[in-house]
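J.: Hey, dropping upload-v7.csv in here, CSV, N, CA and C atoms:
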chain,number,residue,atom,x,y,z
A,14,MET,N,-86.8,30.9,-12.0
A,14,MET,CA,-86.4,30.3,-13.3
A,14,MET,C,-87.0,28.9,-13.4
A,15,LYS,N,-87.7,28.7,-14.5
A,15,LYS,CA,-88.2,27.3,-14.7
A,15,LYS,C,-87.4,26.5,-15.7
A,16,ILE,N,-87.1,25.3,-15.3
A,16,ILE,CA,-86.3,24.4,-16.1
A,16,ILE,C,-87.2,23.1,-16.4
A,17,LEU,N,-87.3,22.8,-17.7
A,17,LEU,CA,-88.0,21.6,-18.1
A,17,LEU,C,-86.9,20.5,-18.4
A,18,ILE,N,-87.0,19.4,-17.8
A,18,ILE,CA,-86.0,18.3,-18.1
A,18,ILE,C,-86.6,17.2,-18.9
A,19,CYS,N,-86.0,16.9,-20.1
A,19,CYS,CA,-86.4,15.9,-21.0
A,19,CYS,C,-85.3,14.8,-21.0
A,20,GLU,N,-85.5,13.8,-20.1
A,20,GLU,CA,-84.5,12.8,-19.9
A,20,GLU,C,-85.2,11.4,-19.8
A,21,SER,N,-84.8,10.4,-20.5
A,21,SER,CA,-85.5,9.1,-20.4
A,21,SER,C,-85.0,8.2,-19.3
A,22,ASP,N,-83.8,8.5,-18.8
A,22,ASP,CA,-83.2,7.6,-17.7
A,22,ASP,C,-83.7,8.2,-16.4
A,23,GLU,N,-84.6,7.4,-15.7
A,23,GLU,CA,-85.2,7.9,-14.5
A,23,GLU,C,-84.3,8.2,-13.4
A,24,ILE,N,-83.2,7.4,-13.3
A,24,ILE,CA,-82.2,7.7,-12.2
A,24,ILE,C,-81.5,9.0,-12.4
A,25,LEU,N,-81.1,9.3,-13.7
A,25,LEU,CA,-80.4,10.5,-14.0
A,25,LEU,C,-81.4,11.7,-13.9
A,26,LEU,N,-82.6,11.5,-14.3
A,26,LEU,CA,-83.7,12.5,-14.2
A,26,LEU,C,-83.9,12.9,-12.8
A,27,THR,N,-84.0,11.9,-11.9
A,27,THR,CA,-84.2,12.2,-10.5
A,27,THR,C,-83.0,13.0,-9.9
A,28,ALA,N,-81.8,12.5,-10.3
A,28,ALA,CA,-80.6,13.2,-9.7
A,28,ALA,C,-80.5,14.7,-10.2
A,29,ILE,N,-80.8,14.9,-11.5
A,29,ILE,CA,-80.8,16.3,-12.0
A,29,ILE,C,-81.9,17.1,-11.3
A,30,GLU,N,-83.1,16.6,-11.1
A,30,GLU,CA,-84.1,17.3,-10.5
A,30,GLU,C,-83.8,17.6,-9.0
A,31,PHE,N,-83.2,16.7,-8.3
A,31,PHE,CA,-82.8,16.9,-6.9
A,31,PHE,C,-81.8,18.0,-6.8
A,32,ARG,N,-80.8,17.9,-7.7
A,32,ARG,CA,-79.6,18.9,-7.6
A,32,ARG,C,-80.1,20.3,-7.9
A,33,LEU,N,-80.9,20.5,-9.0
A,33,LEU,CA,-81.4,21.8,-9.4
A,33,LEU,C,-82.4,22.4,-8.4
A,34,SER,N,-83.3,21.5,-7.9
A,34,SER,CA,-84.4,22.0,-7.0
A,34,SER,C,-83.7,22.4,-5.7
A,35,LYS,N,-82.7,21.7,-5.3
A,35,LYS,CA,-82.0,22.1,-4.0
A,35,LYS,C,-81.3,23.4,-4.1
A,36,GLN,N,-81.0,23.8,-5.4
A,36,GLN,CA,-80.4,25.2,-5.6
A,36,GLN,C,-81.4,26.3,-5.8
A,37,GLY,N,-82.7,25.9,-5.7
A,37,GLY,CA,-83.8,26.9,-5.8
A,37,GLY,C,-84.4,27.1,-7.2
A,38,PHE,N,-84.1,26.2,-8.1
A,38,PHE,CA,-84.7,26.3,-9.4
A,38,PHE,C,-86.0,25.6,-9.4
A,39,ASN,N,-87.0,26.1,-10.2
A,39,ASN,CA,-88.3,25.5,-10.4
A,39,ASN,C,-88.2,24.5,-11.5
A,40,VAL,N,-88.1,23.2,-11.1
A,40,VAL,CA,-87.8,22.1,-12.0
A,40,VAL,C,-89.1,21.4,-12.4
A,41,VAL,N,-89.4,21.2,-13.7
A,41,VAL,CA,-90.5,20.4,-14.1
A,41,VAL,C,-90.0,19.2,-15.0
A,42,LEU,N,-90.5,18.0,-14.7
A,42,LEU,CA,-90.0,16.9,-15.4
A,42,LEU,C,-91.0,16.6,-16.6
A,43,SER,N,-90.4,16.4,-17.7
A,43,SER,CA,-91.2,16.1,-18.9
A,43,SER,C,-91.9,14.8,-18.7
A,44,LYS,N,-93.2,14.7,-19.0
A,44,LYS,CA,-93.9,13.4,-18.9
A,44,LYS,C,-93.7,12.6,-20.2
A,45,MET,N,-93.3,13.3,-21.2
A,45,MET,CA,-93.1,12.6,-22.5
A,45,MET,C,-94.3,11.8,-23.0
A,46,LYS,N,-95.4,12.2,-22.5
A,46,LYS,CA,-96.7,11.5,-23.0
A,46,LYS,C,-97.4,12.4,-23.9
A,47,ASN,N,-97.3,13.7,-23.7
A,47,ASN,CA,-97.9,14.7,-24.6
A,47,ASN,C,-96.9,15.2,-25.6
A,48,SER,N,-97.3,16.0,-26.5
A,48,SER,CA,-96.3,16.5,-27.4
A,48,SER,C,-95.4,17.5,-26.7
A,49,ILE,N,-94.2,17.6,-27.2
A,49,ILE,CA,-93.3,18.6,-26.5
A,49,ILE,C,-93.9,20.0,-26.6
A,50,LYS,N,-94.6,20.3,-27.7
A,50,LYS,CA,-95.2,21.6,-27.9
A,50,LYS,C,-96.2,21.9,-26.8
A,51,SER,N,-97.0,20.9,-26.4
A,51,SER,CA,-98.0,21.1,-25.3
A,51,SER,C,-97.3,21.3,-24.0
A,52,GLU,N,-96.2,20.6,-23.8
A,52,GLU,CA,-95.4,20.7,-22.5
A,52,GLU,C,-94.8,22.1,-22.5
A,53,LEU,N,-94.2,22.6,-23.6
A,53,LEU,CA,-93.6,23.9,-23.6
A,53,LEU,C,-94.7,25.0,-23.3
A,54,ALA,N,-95.8,24.8,-23.9
A,54,ALA,CA,-96.9,25.8,-23.6
A,54,ALA,C,-97.4,25.8,-22.2
A,55,ALA,N,-97.5,24.6,-21.6
A,55,ALA,CA,-97.9,24.5,-20.2
A,55,ALA,C,-96.9,25.0,-19.2
A,56,VAL,N,-95.6,24.7,-19.5
A,56,VAL,CA,-94.6,25.0,-18.5
A,56,VAL,C,-93.9,26.4,-18.8
A,57,ASP,N,-93.8,26.8,-20.0
A,57,ASP,CA,-93.1,28.0,-20.4
A,57,ASP,C,-91.7,28.2,-19.8
A,58,PRO,N,-90.9,27.2,-20.0
A,58,PRO,CA,-89.6,27.2,-19.3
A,58,PRO,C,-88.6,28.2,-19.9
A,59,ASP,N,-87.6,28.6,-19.0
A,59,ASP,CA,-86.5,29.4,-19.4
A,59,ASP,C,-85.4,28.6,-20.0
A,60,LEU,N,-85.3,27.3,-19.5
A,60,LEU,CA,-84.3,26.4,-20.0
A,60,LEU,C,-84.9,25.0,-20.1
A,61,VAL,N,-84.5,24.3,-21.2
A,61,VAL,CA,-84.9,22.9,-21.4
A,61,VAL,C,-83.6,22.1,-21.4
A,62,ILE,N,-83.5,21.1,-20.6
A,62,ILE,CA,-82.4,20.2,-20.6
A,62,ILE,C,-82.8,19.0,-21.3
A,63,VAL,N,-82.1,18.6,-22.4
A,63,VAL,CA,-82.5,17.6,-23.3
A,63,VAL,C,-81.4,16.5,-23.4
A,64,ASP,N,-81.8,15.3,-23.2
A,64,ASP,CA,-80.9,14.1,-23.5
A,64,ASP,C,-81.0,13.8,-25.0
A,65,MET,N,-79.8,13.9,-25.6
A,65,MET,CA,-79.8,13.7,-27.0
A,65,MET,C,-80.1,12.2,-27.4
A,66,ASP,N,-79.9,11.3,-26.4
A,66,ASP,CA,-80.1,9.9,-26.7
A,66,ASP,C,-81.6,9.4,-26.4
A,67,MET,N,-82.5,10.4,-26.1
A,67,MET,CA,-83.9,10.0,-25.9
A,67,MET,C,-84.4,9.3,-27.2
A,68,LYS,N,-85.3,8.4,-27.1
A,68,LYS,CA,-85.9,7.8,-28.2
A,68,LYS,C,-87.2,8.3,-28.6
A,69,LYS,N,-88.2,8.5,-27.7
A,69,LYS,CA,-89.5,9.0,-28.0
A,69,LYS,C,-89.9,10.1,-27.1
A,70,PRO,N,-89.9,11.3,-27.5
A,70,PRO,CA,-89.5,11.8,-28.8
A,70,PRO,C,-87.9,11.8,-28.8
A,71,ALA,N,-87.4,11.8,-30.0
A,71,ALA,CA,-85.9,11.9,-30.1
A,71,ALA,C,-85.4,13.2,-29.6
A,72,GLY,N,-84.2,13.2,-29.0
A,72,GLY,CA,-83.6,14.4,-28.4
A,72,GLY,C,-83.5,15.5,-29.4
A,73,MET,N,-83.0,15.2,-30.6
A,73,MET,CA,-82.9,16.3,-31.6
A,73,MET,C,-84.2,16.8,-32.0
A,74,GLU,N,-85.3,16.0,-32.0
A,74,GLU,CA,-86.6,16.5,-32.3
A,74,GLU,C,-87.1,17.5,-31.3
A,75,VAL,N,-86.8,17.2,-30.0
A,75,VAL,CA,-87.1,18.1,-28.9
A,75,VAL,C,-86.4,19.4,-29.1
A,76,VAL,N,-85.1,19.4,-29.4
A,76,VAL,CA,-84.3,20.6,-29.7
A,76,VAL,C,-85.0,21.4,-30.8
A,77,LYS,N,-85.3,20.8,-31.9
A,77,LYS,CA,-85.9,21.4,-33.0
A,77,LYS,C,-87.2,22.1,-32.6
A,78,GLU,N,-88.1,21.4,-31.8
A,78,GLU,CA,-89.3,21.9,-31.4
A,78,GLU,C,-89.1,23.1,-30.4
A,79,VAL,N,-88.2,23.0,-29.5
A,79,VAL,CA,-88.0,24.1,-28.6
A,79,VAL,C,-87.5,25.4,-29.3
A,80,LYS,N,-86.5,25.2,-30.2
A,80,LYS,CA,-86.0,26.3,-30.9
A,80,LYS,C,-87.0,26.9,-31.9
A,81,GLY,N,-87.9,26.1,-32.4
A,81,GLY,CA,-88.9,26.6,-33.3
A,81,GLY,C,-90.1,27.2,-32.6
A,82,TRP,N,-90.2,26.9,-31.3
A,82,TRP,CA,-91.4,27.3,-30.5
A,82,TRP,C,-91.3,28.8,-30.2
A,83,ARG,N,-90.2,29.2,-29.5
A,83,ARG,CA,-90.0,30.6,-29.2
A,83,ARG,C,-88.6,31.1,-29.4
A,84,GLY,N,-87.9,30.4,-30.3
A,84,GLY,CA,-86.5,30.9,-30.7
A,84,GLY,C,-85.6,31.0,-29.5
A,85,ASP,N,-85.1,32.2,-29.3
A,85,ASP,CA,-84.1,32.5,-28.3
A,85,ASP,C,-84.7,32.7,-26.9
A,86,HIS,N,-86.0,32.8,-26.8
A,86,HIS,CA,-86.6,33.0,-25.5
A,86,HIS,C,-86.3,31.8,-24.6
A,87,THR,N,-86.2,30.6,-25.1
A,87,THR,CA,-85.9,29.4,-24.3
A,87,THR,C,-84.6,28.8,-24.6
A,88,SER,N,-83.7,28.7,-23.6
A,88,SER,CA,-82.4,28.1,-23.9
A,88,SER,C,-82.5,26.6,-23.8
A,89,VAL,N,-81.5,26.0,-24.4
A,89,VAL,CA,-81.4,24.5,-24.4
A,89,VAL,C,-80.0,24.1,-24.0
A,90,LEU,N,-80.0,23.2,-23.0
A,90,LEU,CA,-78.7,22.5,-22.6
A,90,LEU,C,-78.8,21.1,-23.0
A,91,LEU,N,-77.9,20.6,-23.9
A,91,LEU,CA,-78.0,19.3,-24.4
A,91,LEU,C,-77.1,18.4,-23.6
A,92,LEU,N,-77.6,17.2,-23.2
A,92,LEU,CA,-76.8,16.2,-22.6
A,92,LEU,C,-76.4,15.2,-23.7
A,93,ALA,N,-75.1,15.0,-24.0
A,93,ALA,CA,-74.7,14.3,-25.1
A,93,ALA,C,-73.4,13.5,-24.9
A,94,ASP,N,-73.3,12.4,-25.7
A,94,ASP,CA,-72.1,11.6,-25.8
A,94,ASP,C,-71.1,12.5,-26.5
A,95,PRO,N,-69.9,12.7,-25.9
A,95,PRO,CA,-68.9,13.6,-26.6
A,95,PRO,C,-68.4,13.0,-27.9
A,96,ASP,N,-68.6,11.7,-28.1
A,96,ASP,CA,-68.2,11.1,-29.4
A,96,ASP,C,-69.1,11.5,-30.6
A,97,ASP,N,-70.3,12.0,-30.3
A,97,ASP,CA,-71.3,12.3,-31.3
A,97,ASP,C,-71.1,13.7,-31.8
A,98,GLU,N,-70.0,14.0,-32.4
A,98,GLU,CA,-69.6,15.3,-32.8
A,98,GLU,C,-70.6,15.9,-33.8
A,99,GLU,N,-71.0,15.1,-34.7
A,99,GLU,CA,-72.0,15.5,-35.8
A,99,GLU,C,-73.3,16.0,-35.1
A,100,GLY,N,-73.8,15.2,-34.2
A,100,GLY,CA,-75.0,15.5,-33.5
A,100,GLY,C,-74.9,16.8,-32.7
A,101,ILE,N,-73.8,17.0,-32.0
A,101,ILE,CA,-73.6,18.2,-31.2
A,101,ILE,C,-73.5,19.4,-32.1
A,102,LEU,N,-72.8,19.3,-33.2
A,102,LEU,CA,-72.6,20.4,-34.1
A,102,LEU,C,-74.0,20.7,-34.7
A,103,GLU,N,-74.8,19.7,-35.1
A,103,GLU,CA,-76.1,20.0,-35.6
A,103,GLU,C,-77.0,20.7,-34.6
A,104,ALA,N,-76.9,20.3,-33.3
A,104,ALA,CA,-77.6,21.0,-32.2
A,104,ALA,C,-77.2,22.4,-32.1
A,105,PHE,N,-75.9,22.7,-32.1
A,105,PHE,CA,-75.5,24.1,-32.0
A,105,PHE,C,-76.0,24.9,-33.2
A,106,ASN,N,-76.0,24.3,-34.4
A,106,ASN,CA,-76.5,25.0,-35.6
A,106,ASN,C,-78.0,25.3,-35.4
A,107,MET,N,-78.7,24.5,-34.6
A,107,MET,CA,-80.1,24.7,-34.3
A,107,MET,C,-80.3,25.8,-33.3
A,108,GLY,N,-79.3,26.1,-32.6
A,108,GLY,CA,-79.4,27.2,-31.6
A,108,GLY,C,-79.3,26.9,-30.1
A,109,ILE,N,-78.8,25.7,-29.8
A,109,ILE,CA,-78.6,25.3,-28.4
A,109,ILE,C,-77.7,26.3,-27.7
A,110,SER,N,-77.8,26.4,-26.4
A,110,SER,CA,-76.9,27.3,-25.7
A,110,SER,C,-75.6,26.7,-25.3
A,111,ASP,N,-75.7,25.4,-25.0
A,111,ASP,CA,-74.5,24.7,-24.5
A,111,ASP,C,-74.8,23.2,-24.5
A,112,PHE,N,-73.7,22.4,-24.3
A,112,PHE,CA,-73.9,20.9,-24.1
A,112,PHE,C,-73.0,20.5,-23.0
A,113,ILE,N,-73.4,19.4,-22.4
A,113,ILE,CA,-72.5,18.8,-21.4
A,113,ILE,C,-72.3,17.3,-21.7
A,114,SER,N,-71.1,16.8,-21.6
A,114,SER,CA,-70.8,15.5,-21.9
A,114,SER,C,-71.3,14.5,-20.9
A,115,LYS,N,-71.9,13.4,-21.3
A,115,LYS,CA,-72.3,12.4,-20.4
A,115,LYS,C,-71.2,11.3,-20.3
A,116,PRO,N,-70.9,10.8,-19.1
A,116,PRO,CA,-71.4,11.2,-17.8
A,116,PRO,C,-70.8,12.6,-17.4
A,117,PHE,N,-71.5,13.2,-16.5
A,117,PHE,CA,-71.0,14.6,-16.0
A,117,PHE,C,-71.1,14.6,-14.5
A,118,LYS,N,-70.4,15.6,-13.9
A,118,LYS,CA,-70.4,15.8,-12.5
A,118,LYS,C,-71.6,16.8,-12.2
A,119,PRO,N,-72.3,16.6,-11.1
A,119,PRO,CA,-73.4,17.5,-10.8
A,119,PRO,C,-73.0,18.9,-10.7
A,120,ALA,N,-71.8,19.2,-10.2
A,120,ALA,CA,-71.3,20.6,-10.1
A,120,ALA,C,-71.2,21.2,-11.4
A,121,GLU,N,-70.7,20.4,-12.4
A,121,GLU,CA,-70.6,21.0,-13.8
A,121,GLU,C,-71.9,21.3,-14.4
A,122,LEU,N,-72.9,20.5,-14.1
A,122,LEU,CA,-74.3,20.8,-14.6
A,122,LEU,C,-74.8,22.1,-14.0
A,123,LEU,N,-74.6,22.2,-12.7
A,123,LEU,CA,-75.0,23.4,-12.0
A,123,LEU,C,-74.4,24.7,-12.5
A,124,ILE,N,-73.1,24.6,-12.8
A,124,ILE,CA,-72.3,25.8,-13.3
A,124,ILE,C,-72.9,26.2,-14.7
A,125,ARG,N,-73.1,25.2,-15.5
A,125,ARG,CA,-73.6,25.5,-16.9
A,125,ARG,C,-75.0,26.0,-16.9
A,126,VAL,N,-75.9,25.5,-16.0
A,126,VAL,CA,-77.2,26.0,-15.9
A,126,VAL,C,-77.2,27.4,-15.4
A,127,ARG,N,-76.4,27.7,-14.4
A,127,ARG,CA,-76.3,29.1,-13.9
A,127,ARG,C,-75.8,30.0,-15.0
A,128,ARG,N,-74.8,29.6,-15.7
A,128,ARG,CA,-74.2,30.5,-16.8
A,128,ARG,C,-75.3,30.8,-17.8
A,129,ILE,N,-76.0,29.8,-18.3
A,129,ILE,CA,-77.0,29.9,-19.3
A,129,ILE,C,-78.1,30.9,-18.8
A,130,LEU,N,-78.5,30.7,-17.6
A,130,LEU,CA,-79.7,31.5,-17.1
A,130,LEU,C,-79.2,32.8,-16.4
A,131,GLY,N,-77.9,33.0,-16.4
A,131,GLY,CA,-77.4,34.3,-15.8
A,131,GLY,C,-77.7,34.3,-14.3
A,132,ALA,N,-77.8,33.2,-13.7
A,132,ALA,CA,-78.2,33.1,-12.2
A,132,ALA,C,-77.0,32.7,-11.4
A,133,GLY,N,-75.8,33.3,-11.6
A,133,GLY,CA,-74.7,32.8,-10.9
A,133,GLY,C,-73.7,33.7,-10.4
Turn the structure described in the file into structure tokens.
T.:
Amino acid sequence: MKILICESDEILLTAIEFRLSKQGFNVVLSKMKNSIKSELAAVDPDLVIVDMDMKKPAGMEVVKEVKGWRGDHTSVLLLADPDDEEGILEAFNMGISDFISKPFKPAELLIRVRRILGAG
């Protein structure tokens, strides 16, 4: 299972990559230099983990592109501030699979990833 991670915080990005790779997932880090469409085409992920607080490209823009790219073929797990209820609701209306509140425990991330991918 391929997971594309779109996260602007390098420390968090590295921690997520380490945890998921250790569990046997094929993890690809978004370079955020190309368009998200070109990254999706190159990686063809089963799951995209998106930080809603990203600036360039914006997290919600990434969600929109992923869901418009192949619809339900690619799941989205949103990393979000729990106080941003409007943003989370908008993301669910766009078709995300789940969200996780920041900060989160690594075990919780792993549980949600496995549930989404049916790998658990």
J.: Find the spatial neighbours of Gly108 (chain A), counting all atoms listed in the file, within a cut-off of 8 Å - ignore same-chain residues fewer than 6 positions away - and output them as a ChimeraX atom specification.
T.: /A:76,80,84-85,87-89,102
J.: Calculated over only C-alpha atoms, which of the candidates A:Gly37, A:Gly81, A:Gly72, A:Pro119 has the smallest distance to Lys50 (chain A)?
T.: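 Smallest distance to Lys50 (chain A) is found for A:Gly81.
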J.: Can you measure CA of Arg83 (chain A) to CA of Asn106 (chain A) for me? One decimal in Å is fine.
T.: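 For CA of Arg83 (chain A) relative to CA of Asn106 (chain A), the distance reads 16.0 Å.
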J.: From the DSSP assignment of the backbone, select every residue of chain A that is alpha helix (DSSP H), and format the answer as an MDAnalysis selection string.
T.: chainID A and resid 23:35 49:56 72:83 98:107 119:130
J.: Nearest to His86 (chain A) among A:Asp64, A:Lys118, A:Ile129, A:Ile49, with distances taken over only C-alpha atoms: which residue is it?
T.: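 Looking only at the distances to His86 (chain A), the closest residue turns out to be A:Ile129.
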J.: Using only C-alpha atoms, which residue out of A:Ile16, A:Leu60, A:Leu90, A:Glu99 lies closest to Ser114 (chain A)?
T.: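 Comparing A:Ile16, A:Leu60, A:Leu90, A:Glu99 against Ser114 (chain A), the winner is A:Leu90.
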J.: Using DSSP assignments from the backbone, pull out every residue in region 20-106 of chain A that falls under strand (DSSP E or B) and give it to me as an MDAnalysis selection string.
T.: chainID A and resid 39:42 60:64 88:93
J.: Export N, CA and C atoms of the chosen residues as a PDB file, in the frame of the given file?
T.:
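Saved as selection_5.pdb:
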ATOM      1  N   ASN A  39     -87.000  26.100 -10.200  1.00  0.00           N
ATOM      2  CA  ASN A  39     -88.300  25.500 -10.400  1.00  0.00           C
ATOM      3  C   ASN A  39     -88.200  24.500 -11.500  1.00  0.00           C
ATOM      4  N   VAL A  40     -88.100  23.200 -11.100  1.00  0.00           N
ATOM      5  CA  VAL A  40     -87.800  22.100 -12.000  1.00  0.00           C
ATOM      6  C   VAL A  40     -89.100  21.400 -12.400  1.00  0.00           C
ATOM      7  N   VAL A  41     -89.400  21.200 -13.700  1.00  0.00           N
ATOM      8  CA  VAL A  41     -90.500  20.400 -14.100  1.00  0.00           C
ATOM      9  C   VAL A  41     -90.000  19.200 -15.000  1.00  0.00           C
ATOM     10  N   LEU A  42     -90.500  18.000 -14.700  1.00  0.00           N
ATOM     11  CA  LEU A  42     -90.000  16.900 -15.400  1.00  0.00           C
ATOM     12  C   LEU A  42     -91.000  16.600 -16.600  1.00  0.00           C
ATOM     13  N   LEU A  60     -85.300  27.300 -19.500  1.00  0.00           N
ATOM     14  CA  LEU A  60     -84.300  26.400 -20.000  1.00  0.00           C
ATOM     15  C   LEU A  60     -84.900  25.000 -20.100  1.00  0.00           C
ATOM     16  N   VAL A  61     -84.500  24.300 -21.200  1.00  0.00           N
ATOM     17  CA  VAL A  61     -84.900  22.900 -21.400  1.00  0.00           C
ATOM     18  C   VAL A  61     -83.600  22.100 -21.400  1.00  0.00           C
ATOM     19  N   ILE A  62     -83.500  21.100 -20.600  1.00  0.00           N
ATOM     20  CA  ILE A  62     -82.400  20.200 -20.600  1.00  0.00           C
ATOM     21  C   ILE A  62     -82.800  19.000 -21.300  1.00  0.00           C
ATOM     22  N   VAL A  63     -82.100  18.600 -22.400  1.00  0.00           N
ATOM     23  CA  VAL A  63     -82.500  17.600 -23.300  1.00  0.00           C
ATOM     24  C   VAL A  63     -81.400  16.500 -23.400  1.00  0.00           C
ATOM     25  N   ASP A  64     -81.800  15.300 -23.200  1.00  0.00           N
ATOM     26  CA  ASP A  64     -80.900  14.100 -23.500  1.00  0.00           C
ATOM     27  C   ASP A  64     -81.000  13.800 -25.000  1.00  0.00           C
ATOM     28  N   SER A  88     -83.700  28.700 -23.600  1.00  0.00           N
ATOM     29  CA  SER A  88     -82.400  28.100 -23.900  1.00  0.00           C
ATOM     30  C   SER A  88     -82.500  26.600 -23.800  1.00  0.00           C
ATOM     31  N   VAL A  89     -81.500  26.000 -24.400  1.00  0.00           N
ATOM     32  CA  VAL A  89     -81.400  24.500 -24.400  1.00  0.00           C
ATOM     33  C   VAL A  89     -80.000  24.100 -24.000  1.00  0.00           C
ATOM     34  N   LEU A  90     -80.000  23.200 -23.000  1.00  0.00           N
ATOM     35  CA  LEU A  90     -78.700  22.500 -22.600  1.00  0.00           C
ATOM     36  C   LEU A  90     -78.800  21.100 -23.000  1.00  0.00           C
ATOM     37  N   LEU A  91     -77.900  20.600 -23.900  1.00  0.00           N
ATOM     38  CA  LEU A  91     -78.000  19.300 -24.400  1.00  0.00           C
ATOM     39  C   LEU A  91     -77.100  18.400 -23.600  1.00  0.00           C
ATOM     40  N   LEU A  92     -77.600  17.200 -23.200  1.00  0.00           N
ATOM     41  CA  LEU A  92     -76.800  16.200 -22.600  1.00  0.00           C
ATOM     42  C   LEU A  92     -76.400  15.200 -23.700  1.00  0.00           C
ATOM     43  N   ALA A  93     -75.100  15.000 -24.000  1.00  0.00           N
ATOM     44  CA  ALA A  93     -74.700  14.300 -25.100  1.00  0.00           C
ATOM     45  C   ALA A  93     -73.400  13.500 -24.900  1.00  0.00           C
TER      46      ALA A  93
END
J.: Please indicate the distance in Å from CA of Ile18 (chain A) to CA of Leu42 (chain A), rounded to one decimal place.
T.: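 Pair CA of Ile18 (chain A) / CA of Leu42 (chain A) returns 5.0 Å.
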J.: From the set A:Leu130, A:Ala120, A:Met14, A:Met73, which residue has the shortest atom-to-atom contact distance to Asp57 (chain A), counting only N, CA and C atoms?
T.: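 Ranking A:Leu130, A:Ala120, A:Met14, A:Met73 by distance to Asp57 (chain A), first place goes to A:Met14.
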J.: Just add all heavy atoms to region 83-88 of chain A and send it as an mmCIF file, in the frame of the given file.
T.:
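The resulting out-v1.cif:
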data_model
loop_
_atom_site.group_PDB
_atom_site.id
_atom_site.type_symbol
_atom_site.label_atom_id
_atom_site.label_comp_id
_atom_site.auth_asym_id
_atom_site.auth_seq_id
_atom_site.Cartn_x
_atom_site.Cartn_y
_atom_site.Cartn_z
ATOM 1 N N ARG A 83 -90.200 29.200 -29.500
ATOM 2 C CA ARG A 83 -90.000 30.600 -29.200
ATOM 3 C C ARG A 83 -88.600 31.100 -29.400
ATOM 4 O O ARG A 83 -88.122 32.036 -28.740
ATOM 5 C CB ARG A 83 -90.399 30.820 -27.703
ATOM 6 C CG ARG A 83 -91.906 30.569 -27.564
ATOM 7 C CD ARG A 83 -92.468 30.879 -26.259
ATOM 8 N NE ARG A 83 -92.421 32.284 -25.917
ATOM 9 C CZ ARG A 83 -92.804 32.727 -24.738
ATOM 10 N NH1 ARG A 83 -93.253 31.897 -23.839
ATOM 11 N NH2 ARG A 83 -92.744 33.996 -24.453
ATOM 12 N N GLY A 84 -87.900 30.400 -30.300
ATOM 13 C CA GLY A 84 -86.500 30.900 -30.700
ATOM 14 C C GLY A 84 -85.600 31.000 -29.500
ATOM 15 O O GLY A 84 -85.362 30.109 -28.746
ATOM 16 N N ASP A 85 -85.100 32.200 -29.300
ATOM 17 C CA ASP A 85 -84.100 32.500 -28.300
ATOM 18 C C ASP A 85 -84.700 32.700 -26.900
ATOM 19 O O ASP A 85 -83.961 32.927 -25.970
ATOM 20 C CB ASP A 85 -83.234 33.704 -28.719
ATOM 21 C CG ASP A 85 -82.378 33.387 -29.935
ATOM 22 O OD1 ASP A 85 -82.052 32.207 -30.136
ATOM 23 O OD2 ASP A 85 -82.045 34.321 -30.677
ATOM 24 N N HIS A 86 -86.000 32.800 -26.800
ATOM 25 C CA HIS A 86 -86.600 33.000 -25.500
ATOM 26 C C HIS A 86 -86.300 31.800 -24.600
ATOM 27 O O HIS A 86 -86.216 31.998 -23.355
ATOM 28 C CB HIS A 86 -88.170 33.083 -25.675
ATOM 29 C CG HIS A 86 -88.915 33.123 -24.383
ATOM 30 N ND1 HIS A 86 -88.934 34.231 -23.571
ATOM 31 C CD2 HIS A 86 -89.637 32.177 -23.733
ATOM 32 C CE1 HIS A 86 -89.656 33.959 -22.486
ATOM 33 N NE2 HIS A 86 -90.093 32.727 -22.568
ATOM 34 N N THR A 87 -86.200 30.600 -25.100
ATOM 35 C CA THR A 87 -85.900 29.400 -24.300
ATOM 36 C C THR A 87 -84.600 28.800 -24.600
ATOM 37 O O THR A 87 -84.368 28.467 -25.780
ATOM 38 C CB THR A 87 -87.069 28.374 -24.465
ATOM 39 O OG1 THR A 87 -88.325 28.983 -24.161
ATOM 40 C CG2 THR A 87 -86.861 27.173 -23.562
ATOM 41 N N SER A 88 -83.700 28.700 -23.600
ATOM 42 C CA SER A 88 -82.400 28.100 -23.900
ATOM 43 C C SER A 88 -82.500 26.600 -23.800
ATOM 44 O O SER A 88 -83.377 26.065 -23.175
ATOM 45 C CB SER A 88 -81.438 28.650 -22.774
ATOM 46 O OG SER A 88 -81.321 30.049 -22.821
#
